[in-house]
Amino acid sequence: MNDTSSDPFVLLSETLILLKDVPSHLPKRNGKKINLSTVYRWSMRGLKGVTLETCYHAGQRYTSKEAIQRFDRRVTEAMLGSRSPQHHPATPKQIDRAHNAAKRKLLAVLAE
């Protein structure tokens, strides 16, 4: 994973957003914007061990659209554990097929 959290200046090369404007760039929840204090909490304390990347530039605190996407992805991964959002558990039939294929390979190797 390309971890940019150790270098806040990488944000300067991305699409910057004032931290106070972040709620306008996020989907509404229950018909309301995300509260600004929530965004500040994400940047200071984080959520599920993940913090929103920010930087100070010209006396203003910024994040980027890309940083918000990274934050969302990492929080989702943290909430799902080691599973990725696209992971689907194998069905019993798939497990049986994989087991039988491995068994055939092993028998073929042992027969040589």
# chains A, B, ... in the order shown; residues from 1 in each chain; ligands from 1
$ select_by_dssp --residues "region 16-78 of chain A" --states "strand (DSSP E or B)" --output "number ranges by chain"
A: 16-18, 29, 32, 47, 50, 55-57, 60-64
$ write_last_selection --atoms "C-alpha atoms" --output "PDB file, in the first residue's frame"
ATOM      1  CA  LEU A  16      -6.728  20.267  -1.582  1.00  0.00           C
ATOM      2  CA  ILE A  17      -9.831  20.960   0.477  1.00  0.00           C
ATOM      3  CA  LEU A  18      -9.987  23.209   3.518  1.00  0.00           C
ATOM      4  CA  ARG A  29     -26.168  11.006   6.569  1.00  0.00           C
ATOM      5  CA  LYS A  32     -27.702  16.032   7.273  1.00  0.00           C
ATOM      6  CA  LEU A  47     -11.543   6.339  13.624  1.00  0.00           C
ATOM      7  CA  VAL A  50      -7.022   5.441  11.167  1.00  0.00           C
ATOM      8  CA  CYS A  55      -1.434  19.539   6.497  1.00  0.00           C
ATOM      9  CA  TYR A  56      -1.124  23.217   7.304  1.00  0.00           C
ATOM     10  CA  HIS A  57      -0.530  25.590   4.424  1.00  0.00           C
ATOM     11  CA  GLN A  60      -5.065  26.953   7.013  1.00  0.00           C
ATOM     12  CA  ARG A  61      -5.598  23.270   7.697  1.00  0.00           C
ATOM     13  CA  TYR A  62      -6.169  21.167   4.586  1.00  0.00           C
ATOM     14  CA  THR A  63      -6.807  17.610   3.523  1.00  0.00           C
ATOM     15  CA  SER A  64      -7.370  16.304   0.002  1.00  0.00           C
TER      16      SER A  64
END
$ select_by_dssp --residues "chain A" --states "helix (DSSP H, G or I)" --output "VMD selection string"
chain A and resid 8 to 13 19 to 25 36 to 44 65 to 80 92 to 111
$ residues_around --residues "Val39 (chain A)" --least-positions-apart "3" --cutoff "8 Å" --atoms "only C-alpha atoms" --output "list in words"
Leu19, Val22, Pro23, Ile34, Asn35, Leu36, Trp42 and Ser43 of chain A
$ closest_residue --among "A:Arg41, A:Lys65, A:Lys33, A:Lys48" --to "Leu12 (chain A)" --atoms "only C-alpha atoms"
A:Lys65
$ atom_distance --atom1 "CA of Ala58 (chain A)" --atom2 "CA of Lys20 (chain A)"
14.8 Å
$ decode --residues "region 8-37 of chain A" --atoms "N, CA and C atoms" --output "PDB file, in the first residue's frame"
ATOM      1  N   PRO A   8       3.121  14.522   5.181  1.00  0.00           N
ATOM      2  CA  PRO A   8       1.936  15.356   4.946  1.00  0.00           C
ATOM      3  C   PRO A   8       2.064  16.271   3.742  1.00  0.00           C
ATOM      4  N   PHE A   9       3.283  16.520   3.275  1.00  0.00           N
ATOM      5  CA  PHE A   9       3.459  17.424   2.140  1.00  0.00           C
ATOM      6  C   PHE A   9       3.013  16.812   0.827  1.00  0.00           C
ATOM      7  N   VAL A  10       2.802  15.496   0.804  1.00  0.00           N
ATOM      8  CA  VAL A  10       2.295  14.876  -0.413  1.00  0.00           C
ATOM      9  C   VAL A  10       0.893  15.413  -0.708  1.00  0.00           C
ATOM     10  N   LEU A  11       0.168  15.838   0.315  1.00  0.00           N
ATOM     11  CA  LEU A  11      -1.168  16.406   0.118  1.00  0.00           C
ATOM     12  C   LEU A  11      -1.125  17.650  -0.763  1.00  0.00           C
ATOM     13  N   LEU A  12      -0.021  18.381  -0.702  1.00  0.00           N
ATOM     14  CA  LEU A  12       0.093  19.619  -1.480  1.00  0.00           C
ATOM     15  C   LEU A  12       0.064  19.360  -2.979  1.00  0.00           C
ATOM     16  N   SER A  13       0.350  18.130  -3.384  1.00  0.00           N
ATOM     17  CA  SER A  13       0.312  17.799  -4.808  1.00  0.00           C
ATOM     18  C   SER A  13      -1.032  17.178  -5.210  1.00  0.00           C
ATOM     19  N   GLU A  14      -1.964  17.098  -4.239  1.00  0.00           N
ATOM     20  CA  GLU A  14      -3.274  16.522  -4.513  1.00  0.00           C
ATOM     21  C   GLU A  14      -4.342  17.620  -4.553  1.00  0.00           C
ATOM     22  N   THR A  15      -5.590  17.225  -4.705  1.00  0.00           N
ATOM     23  CA  THR A  15      -6.694  18.175  -4.768  1.00  0.00           C
ATOM     24  C   THR A  15      -7.060  18.621  -3.356  1.00  0.00           C
ATOM     25  N   LEU A  16      -6.559  19.795  -2.952  1.00  0.00           N
ATOM     26  CA  LEU A  16      -6.728  20.267  -1.582  1.00  0.00           C
ATOM     27  C   LEU A  16      -8.145  20.742  -1.289  1.00  0.00           C
ATOM     28  N   ILE A  17      -8.545  20.498  -0.032  1.00  0.00           N
ATOM     29  CA  ILE A  17      -9.831  20.960   0.477  1.00  0.00           C
ATOM     30  C   ILE A  17      -9.563  21.518   1.869  1.00  0.00           C
ATOM     31  N   LEU A  18     -10.072  22.704   2.152  1.00  0.00           N
ATOM     32  CA  LEU A  18      -9.987  23.209   3.518  1.00  0.00           C
ATOM     33  C   LEU A  18     -10.721  22.228   4.424  1.00  0.00           C
ATOM     34  N   LEU A  19     -10.168  21.958   5.580  1.00  0.00           N
ATOM     35  CA  LEU A  19     -10.793  21.000   6.478  1.00  0.00           C
ATOM     36  C   LEU A  19     -12.225  21.422   6.816  1.00  0.00           C
ATOM     37  N   LYS A  20     -12.440  22.714   6.942  1.00  0.00           N
ATOM     38  CA  LYS A  20     -13.786  23.197   7.272  1.00  0.00           C
ATOM     39  C   LYS A  20     -14.786  22.956   6.148  1.00  0.00           C
ATOM     40  N   ASP A  21     -14.299  22.700   4.915  1.00  0.00           N
ATOM     41  CA  ASP A  21     -15.180  22.452   3.779  1.00  0.00           C
ATOM     42  C   ASP A  21     -15.420  20.968   3.501  1.00  0.00           C
ATOM     43  N   VAL A  22     -14.748  20.100   4.248  1.00  0.00           N
ATOM     44  CA  VAL A  22     -14.878  18.659   4.004  1.00  0.00           C
ATOM     45  C   VAL A  22     -16.329  18.177   4.093  1.00  0.00           C
ATOM     46  N   PRO A  23     -17.132  18.617   5.083  1.00  0.00           N
ATOM     47  CA  PRO A  23     -18.514  18.119   5.137  1.00  0.00           C
ATOM     48  C   PRO A  23     -19.304  18.333   3.842  1.00  0.00           C
ATOM     49  N   SER A  24     -18.989  19.385   3.090  1.00  0.00           N
ATOM     50  CA  SER A  24     -19.682  19.641   1.820  1.00  0.00           C
ATOM     51  C   SER A  24     -19.302  18.634   0.744  1.00  0.00           C
ATOM     52  N   HIS A  25     -18.164  17.965   0.926  1.00  0.00           N
ATOM     53  CA  HIS A  25     -17.677  17.004  -0.069  1.00  0.00           C
ATOM     54  C   HIS A  25     -18.053  15.570   0.264  1.00  0.00           C
ATOM     55  N   LEU A  26     -18.734  15.372   1.379  1.00  0.00           N
ATOM     56  CA  LEU A  26     -19.107  14.025   1.801  1.00  0.00           C
ATOM     57  C   LEU A  26     -20.603  13.813   1.625  1.00  0.00           C
ATOM     58  N   PRO A  27     -21.016  12.566   1.440  1.00  0.00           N
ATOM     59  CA  PRO A  27     -22.449  12.285   1.353  1.00  0.00           C
ATOM     60  C   PRO A  27     -23.144  12.617   2.672  1.00  0.00           C
ATOM     61  N   LYS A  28     -24.378  13.012   2.571  1.00  0.00           N
ATOM     62  CA  LYS A  28     -25.157  13.327   3.772  1.00  0.00           C
ATOM     63  C   LYS A  28     -25.547  12.031   4.472  1.00  0.00           C
ATOM     64  N   ARG A  29     -25.728  12.148   5.775  1.00  0.00           N
ATOM     65  CA  ARG A  29     -26.168  11.006   6.569  1.00  0.00           C
ATOM     66  C   ARG A  29     -27.471  11.393   7.244  1.00  0.00           C
ATOM     67  N   ASN A  30     -28.514  10.615   6.991  1.00  0.00           N
ATOM     68  CA  ASN A  30     -29.856  10.925   7.502  1.00  0.00           C
ATOM     69  C   ASN A  30     -30.297  12.321   7.092  1.00  0.00           C
ATOM     70  N   GLY A  31     -29.925  12.737   5.888  1.00  0.00           N
ATOM     71  CA  GLY A  31     -30.333  14.033   5.370  1.00  0.00           C
ATOM     72  C   GLY A  31     -29.527  15.210   5.881  1.00  0.00           C
ATOM     73  N   LYS A  32     -28.508  14.947   6.706  1.00  0.00           N
ATOM     74  CA  LYS A  32     -27.702  16.032   7.273  1.00  0.00           C
ATOM     75  C   LYS A  32     -26.236  15.867   6.897  1.00  0.00           C
ATOM     76  N   LYS A  33     -25.540  17.004   6.785  1.00  0.00           N
ATOM     77  CA  LYS A  33     -24.104  16.963   6.535  1.00  0.00           C
ATOM     78  C   LYS A  33     -23.390  16.380   7.754  1.00  0.00           C
ATOM     79  N   ILE A  34     -22.229  15.778   7.499  1.00  0.00           N
ATOM     80  CA  ILE A  34     -21.363  15.333   8.589  1.00  0.00           C
ATOM     81  C   ILE A  34     -20.923  16.586   9.345  1.00  0.00           C
ATOM     82  N   ASN A  35     -20.947  16.548  10.665  1.00  0.00           N
ATOM     83  CA  ASN A  35     -20.576  17.708  11.466  1.00  0.00           C
ATOM     84  C   ASN A  35     -19.080  17.988  11.352  1.00  0.00           C
ATOM     85  N   LEU A  36     -18.726  19.255  11.333  1.00  0.00           N
ATOM     86  CA  LEU A  36     -17.323  19.660  11.231  1.00  0.00           C
ATOM     87  C   LEU A  36     -16.495  19.085  12.381  1.00  0.00           C
ATOM     88  N   SER A  37     -17.071  18.985  13.569  1.00  0.00           N
ATOM     89  CA  SER A  37     -16.321  18.424  14.699  1.00  0.00           C
ATOM     90  C   SER A  37     -15.952  16.966  14.446  1.00  0.00           C
TER      91      SER A  37
END
